[in-house]
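A.B. asks: Sending over a structure as structure tokens; questions will come in a sec.
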Amino acid sequence: MALTLLMLLVQLSFAPVAAAAQPYFQGKTVKIIAGFPSGGGVDAEARLIARYLGRYIPGNPSLFVHNMPGAGGMVAANWFETLAKPDGLTLQYISSSSITQQVFGVEGTKFNLKNWELLGSIVRSTSVALARPDKLERLTDLSKPNLAVGSRSGDDSWNTMFLWGAEYLKWNVRWILGYGGGSEMRLAFQRGESDLYATANLQALRELTAAGFQPFVQQGRLSSSGLFHRRPEFPNVPTFAEVLDKKRPIGAAWQSYISWAGADGAGRPLFAPPKTSRDVARALSEAFTRLEGDKEFIAELGRVAGDDAEILTVKETEPILRQLLTTSPEVQTFVNHMMKKYLQR
């Protein structure tokens, strides 16, 4: 009996060690919220992350995507802020629209990305603007018919080039709103229904350039230093910040531009809920970072998001996101002024 008791004590002494050695995520399921319908870019990238991320999370949990569309991602973001449990089992993959919704105080916004646990981001190159060469002289000649910019609603980050161009460089532009998406805007541009067009899609840019359209300004990617950098594929096309040069505004006017035009620089971040423990958040962010070295994932990312898509770690994303979220009532007032003045919104 003494021997049996001794063996029981030994087993009990090792039980906590065995329990502690079991990874937190083992046998669990992680849900990734996508605030857009299935079939779009955010959904496709979220599903790609869900297929690969579990390889690198200790315990190798299964992952799946839950679509929660509405109001450009706002419905999902509001839900995530207040109802997602901080246990690391519910994550959210957002687009840049959630960033601008918070920065500009869009009605209905009830979330604060500063409170969320950043895990990393997927970023791609930014937009380049094109025009027919014979029309470019009209851009700065107010005596000529103005150039039409086709857009969905004017909220696109690339549209800031034309808005700030009209305000500070007196660009001779007007807007045609209501297009359903990028393909419709491109077709209207090629048909001559609009005069100016911008896209980040490298294949589209190459095709349009080959067809005789001229790239004349690019958005540039916002860096942690606060500067906008040219795309390597278009080294001779200036960023809009470079075109502004000494006419660049200061204060709220420039912070508004950074927060809007630079939103693409933070890419599409992946978050854990507010108050997630540091250990859980660290395990998730380290797993996301390891996707960089997964050749199979990177190859699929190129097919899903474009050859220029890449992983940004927390350390790379955080300083950019901090710049974007540095806002004030003056920034929101200035954006509303620009919307009302040029887009009648």
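Letters A, B, ... go to the chains of the structure tokens in the order shown; residues in each chain start at 1; ligands are counted from 1 in the same order.
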So which residues touch Trp158 in chain A within 7 Å, counting only C-alpha atoms, skipping near sequence neighbours fewer than 5 positions away, as a list in words?
C.D. replies: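 Contacts, with the query itself left out: Ser127, Ala198, Gln219 and Ala261 of chain A.
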A.B. asks: Quick one: residues within 9 Å of Pro58 in chain A, only C-alpha atoms counted, chain neighbours fewer than 4 positions away excluded, as a PDB file with C-alpha atoms, in the first residue's frame?
C.D. replies:
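As a result, selection17.pdb now contains:
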ATOM      1  CA  PRO A  23       0.072  24.493 -25.635  1.00  0.00           C
ATOM      2  CA  TYR A  24      -2.804  26.869 -24.958  1.00  0.00           C
ATOM      3  CA  PHE A  25      -4.172  26.595 -28.512  1.00  0.00           C
ATOM      4  CA  GLN A  26      -3.990  22.810 -28.753  1.00  0.00           C
ATOM      5  CA  GLY A  54      -2.254  27.352 -37.704  1.00  0.00           C
ATOM      6  CA  ALA A 283       2.240  33.634 -29.813  1.00  0.00           C
ATOM      7  CA  LEU A 284      -0.141  34.839 -32.529  1.00  0.00           C
ATOM      8  CA  ALA A 287       3.139  32.864 -35.874  1.00  0.00           C
TER       9      ALA A 287
END
A.B. asks: Compile the contact shell of Val331 in chain A as a list in words: residues with an atom at most 9 Å away, counting only C-alpha atoms, same-chain residues fewer than 4 positions apart removed.
C.D. replies: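 Counting only the stated atoms, we get Val103, Phe104, Gly251, Ala252, Ala253, Trp254, Gln255, Ser256, Thr327, Val335 and Asn336 of chain A.
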A.B. asks: May I have the residues from that selection written out with N, CA and C atoms, as a CSV table (one decimal), in the first residue's frame?
C.D. replies:
chain,number,residue,atom,x,y,z
A,103,VAL,N,-10.4,57.4,-38.0
A,103,VAL,CA,-9.6,58.7,-38.1
A,103,VAL,C,-10.6,59.9,-38.3
A,104,PHE,N,-11.5,59.7,-39.2
A,104,PHE,CA,-12.4,60.8,-39.6
A,104,PHE,C,-13.7,60.8,-38.9
A,251,GLY,N,-0.1,71.4,-40.5
A,251,GLY,CA,-1.2,71.2,-39.5
A,251,GLY,C,-2.2,70.2,-39.9
A,252,ALA,N,-3.4,70.5,-39.6
A,252,ALA,CA,-4.5,69.5,-39.8
A,252,ALA,C,-4.7,69.1,-41.3
A,253,ALA,N,-4.4,70.1,-42.2
A,253,ALA,CA,-4.5,69.8,-43.6
A,253,ALA,C,-3.6,68.7,-44.1
A,254,TRP,N,-2.3,68.7,-43.6
A,254,TRP,CA,-1.4,67.7,-44.0
A,254,TRP,C,-1.6,66.4,-43.2
A,255,GLN,N,-1.9,66.5,-41.9
A,255,GLN,CA,-2.2,65.3,-41.2
A,255,GLN,C,-3.4,64.5,-41.8
A,256,SER,N,-4.4,65.3,-42.3
A,256,SER,CA,-5.5,64.7,-42.9
A,256,SER,C,-5.1,63.9,-44.2
A,327,THR,N,-4.9,61.6,-34.6
A,327,THR,CA,-6.0,62.5,-35.2
A,327,THR,C,-6.5,63.5,-34.2
A,335,VAL,N,-11.3,67.2,-43.2
A,335,VAL,CA,-11.8,66.2,-44.2
A,335,VAL,C,-13.2,66.5,-44.6
A,336,ASN,N,-14.0,66.8,-43.7
A,336,ASN,CA,-15.4,67.1,-44.0
A,336,ASN,C,-15.5,68.3,-44.9
A.B. asks: Leaving out Ser224 in chain A and any residue of its chain fewer than 5 positions from it, which residues lie within 9 Å of it when counting only C-alpha atoms, given as a PDB file with N, CA and C atoms, in the first residue's frame?
C.D. replies:
ATOM      1  N   GLU A 316       6.980  46.553 -37.834  1.00  0.00           N
ATOM      2  CA  GLU A 316       6.945  47.344 -39.059  1.00  0.00           C
ATOM      3  C   GLU A 316       5.618  48.080 -39.219  1.00  0.00           C
ATOM      4  N   THR A 317       4.536  47.462 -38.786  1.00  0.00           N
ATOM      5  CA  THR A 317       3.202  48.041 -38.970  1.00  0.00           C
ATOM      6  C   THR A 317       2.872  49.085 -37.923  1.00  0.00           C
ATOM      7  N   GLU A 318       3.262  48.843 -36.685  1.00  0.00           N
ATOM      8  CA  GLU A 318       2.825  49.675 -35.563  1.00  0.00           C
ATOM      9  C   GLU A 318       3.162  51.157 -35.724  1.00  0.00           C
ATOM     10  N   PRO A 319       4.406  51.540 -36.095  1.00  0.00           N
ATOM     11  CA  PRO A 319       4.697  52.972 -36.230  1.00  0.00           C
ATOM     12  C   PRO A 319       3.910  53.650 -37.355  1.00  0.00           C
ATOM     13  N   ILE A 320       3.593  52.895 -38.405  1.00  0.00           N
ATOM     14  CA  ILE A 320       2.780  53.457 -39.496  1.00  0.00           C
ATOM     15  C   ILE A 320       1.354  53.665 -39.015  1.00  0.00           C
ATOM     16  N   LEU A 321       0.826  52.654 -38.343  1.00  0.00           N
ATOM     17  CA  LEU A 321      -0.538  52.746 -37.836  1.00  0.00           C
ATOM     18  C   LEU A 321      -0.670  53.864 -36.817  1.00  0.00           C
ATOM     19  N   GLN A 323       0.961  56.665 -36.778  1.00  0.00           N
ATOM     20  CA  GLN A 323       0.865  57.937 -37.525  1.00  0.00           C
ATOM     21  C   GLN A 323      -0.546  58.170 -38.047  1.00  0.00           C
TER      22      GLN A 323
END
A.B. asks: List the spatial neighbours of Glu117 in chain A as a compact mmCIF listing (two decimals) with C-alpha atoms, in the first residue's frame - criterion: any atom at most 12 Å away, only C-alpha atoms, same-chain residues fewer than 5 positions off excluded.
C.D. replies:
# COMPACT_ATOMS: atom_id res chain seq x y z
CA PHE A 80 -15.19 43.03 -32.34
CA GLU A 81 -14.59 46.02 -30.06
CA PRO A 86 -9.96 38.37 -25.32
CA ASP A 87 -8.96 34.72 -25.43
CA GLY A 88 -7.11 34.73 -28.77
CA THR A 90 -11.41 35.36 -32.30
CA LEU A 91 -9.32 37.57 -34.58
CA GLN A 92 -10.24 40.23 -37.13
CA TYR A 93 -8.72 41.00 -40.52
CA ASN A 112 -10.82 52.17 -31.35
CA PRO A 269 -3.86 44.36 -40.39
CA LEU A 270 -4.77 41.28 -38.39
CA PHE A 271 -5.83 41.93 -34.79
CA ALA A 272 -6.67 40.12 -31.57
CA PRO A 273 -9.32 41.71 -29.33
CA PRO A 274 -8.62 44.35 -26.69
CA LYS A 275 -7.26 42.99 -23.39
CA THR A 276 -5.86 39.81 -24.95
CA SER A 277 -3.03 38.56 -22.73
CA ARG A 278 0.51 39.38 -23.80
CA ASP A 279 1.52 35.72 -24.00
CA VAL A 280 -1.38 34.84 -26.30
CA ALA A 281 -0.89 37.93 -28.47
CA ARG A 282 2.84 37.23 -28.72
CA ALA A 283 2.24 33.63 -29.81
CA LEU A 284 -0.14 34.84 -32.53
CA SER A 285 2.09 37.67 -33.77
CA VAL A 314 4.07 44.18 -35.76
CA THR A 317 3.20 48.04 -38.97
CA GLU A 318 2.83 49.68 -35.56
A.B. asks: Please identify all polymer residues within 8 Å of Glu292 in chain A, counting only C-alpha atoms, omitting same-chain residues fewer than 6 positions from it, and present them as a PyMOL selection string.
C.D. replies: chain A and resi 298+310-311
A.B. asks: Could the residues in this selection be written to a file with C-alpha atoms, as a short mmCIF file (atom, residue, chain, number, x, y, z; two decimals), in the first residue's frame?
C.D. replies:
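Writing the result to out_30.cif gives the following:
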data_model
loop_
_atom_site.label_atom_id
_atom_site.label_comp_id
_atom_site.auth_asym_id
_atom_site.auth_seq_id
_atom_site.Cartn_x
_atom_site.Cartn_y
_atom_site.Cartn_z
CA ILE A 298 4.01 33.61 -50.26
CA GLU A 310 4.13 41.26 -48.63
CA ILE A 311 4.00 40.57 -44.91
#
A.B. asks: Among range 200-307 of chain A, which ones does DSSP place in alpha helix (DSSP H), written as a ChimeraX atom specification?
C.D. replies: /A:202-210,240-244,251-261,278-290,295-305
A.B. asks: From the set A:Val149, A:Leu202, A:Leu89, A:Leu196, which residue has the shortest atom-to-atom contact distance to Gly178 in chain A, counting only C-alpha atoms?
C.D. replies: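 Comparing A:Val149, A:Leu202, A:Leu89, A:Leu196 against Gly178 in chain A, the winner is A:Val149.
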A.B. asks: Go through A:Ser125, A:Ala166, A:Glu193, A:Asp156 and flag the residue nearest Leu142 in chain A, using only C-alpha atoms for the distances.
C.D. replies: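 Selected residue with least distance to Leu142 in chain A: A:Ala166.
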A.B. asks: If we count only C-alpha atoms and set the cut-off at 8 Å, which residues sit around Ser151 in chain A, ignoring sequence neighbours fewer than 6 positions away in its own chain? Please answer as a VMD selection string.
C.D. replies: chain A and resid 159 175 to 179 185
A.B. asks: Go ahead and write the residues just picked, C-alpha atoms, as an mmCIF file, in the first residue's frame.
C.D. replies:
data_model
loop_
_atom_site.group_PDB
_atom_site.id
_atom_site.type_symbol
_atom_site.label_atom_id
_atom_site.label_comp_id
_atom_site.auth_asym_id
_atom_site.auth_seq_id
_atom_site.Cartn_x
_atom_site.Cartn_y
_atom_site.Cartn_z
ATOM 1 C CA ASN A 159 -8.500 60.164 -54.593
ATOM 2 C CA TRP A 175 -15.602 64.142 -60.148
ATOM 3 C CA ILE A 176 -17.956 61.575 -61.633
ATOM 4 C CA LEU A 177 -19.153 59.431 -58.734
ATOM 5 C CA GLY A 178 -21.201 56.270 -58.575
ATOM 6 C CA TYR A 179 -19.022 53.679 -60.319
ATOM 7 C CA MET A 185 -13.755 52.877 -63.584
#
A.B. asks: Please measure the separation of CA of Leu301 in chain A and CA of Arg55 in chain A, giving the value in Å to one decimal.
C.D. replies: 16.0 Å
A.B. asks: Out of range 105-214 of chain A, which residues get strand (DSSP E or B) from DSSP, as a PyMOL selection string?
C.D. replies: chain A and resi 117-123+128-131+147-151+173-177+196-199+214
A.B. asks: May I have the residues from that selection written out with C-alpha atoms, as a short mmCIF file (atom, residue, chain, number, x, y, z; two decimals), in the first residue's frame?
C.D. replies:
data_model
loop_
_atom_site.label_atom_id
_atom_site.label_comp_id
_atom_site.auth_asym_id
_atom_site.auth_seq_id
_atom_site.Cartn_x
_atom_site.Cartn_y
_atom_site.Cartn_z
CA GLU A 117 -3.74 43.82 -30.23
CA LEU A 118 -1.89 44.16 -33.55
CA LEU A 119 -0.54 40.88 -34.93
CA GLY A 120 0.85 41.99 -38.30
CA SER A 121 -0.36 43.07 -41.71
CA ILE A 122 -0.42 42.27 -45.41
CA VAL A 123 0.52 45.28 -47.53
CA VAL A 128 -0.37 55.38 -59.72
CA ALA A 129 -2.45 57.94 -61.66
CA LEU A 130 -2.63 57.99 -65.46
CA ALA A 131 -3.98 60.21 -68.23
CA LEU A 147 -10.58 66.66 -66.38
CA ALA A 148 -13.02 64.10 -65.02
CA VAL A 149 -12.05 61.72 -62.21
CA GLY A 150 -14.16 58.56 -62.00
CA SER A 151 -14.71 57.14 -58.52
CA VAL A 173 -10.58 68.49 -62.10
CA ARG A 174 -14.13 67.40 -61.42
CA TRP A 175 -15.60 64.14 -60.15
CA ILE A 176 -17.96 61.57 -61.63
CA LEU A 177 -19.15 59.43 -58.73
CA LEU A 196 -7.96 60.49 -64.96
CA TYR A 197 -7.62 57.04 -63.44
CA ALA A 198 -5.57 55.54 -60.62
CA THR A 199 -4.91 51.95 -59.65
CA GLN A 214 0.89 58.14 -69.21
#
A.B. asks: To one decimal in Å, tell me the separation between CA of Arg152 in chain A and CA of Asn172 in chain A.
C.D. replies: 19.7 Å
A.B. asks: Would you mind telling me which residue in A:Arg132, A:Met338, A:Arg230, A:Gly108 lies nearest to Gly192 in chain A when using only C-alpha atoms?
C.D. replies: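 Distance minimum relative to Gly192 in chain A lands on A:Arg132.
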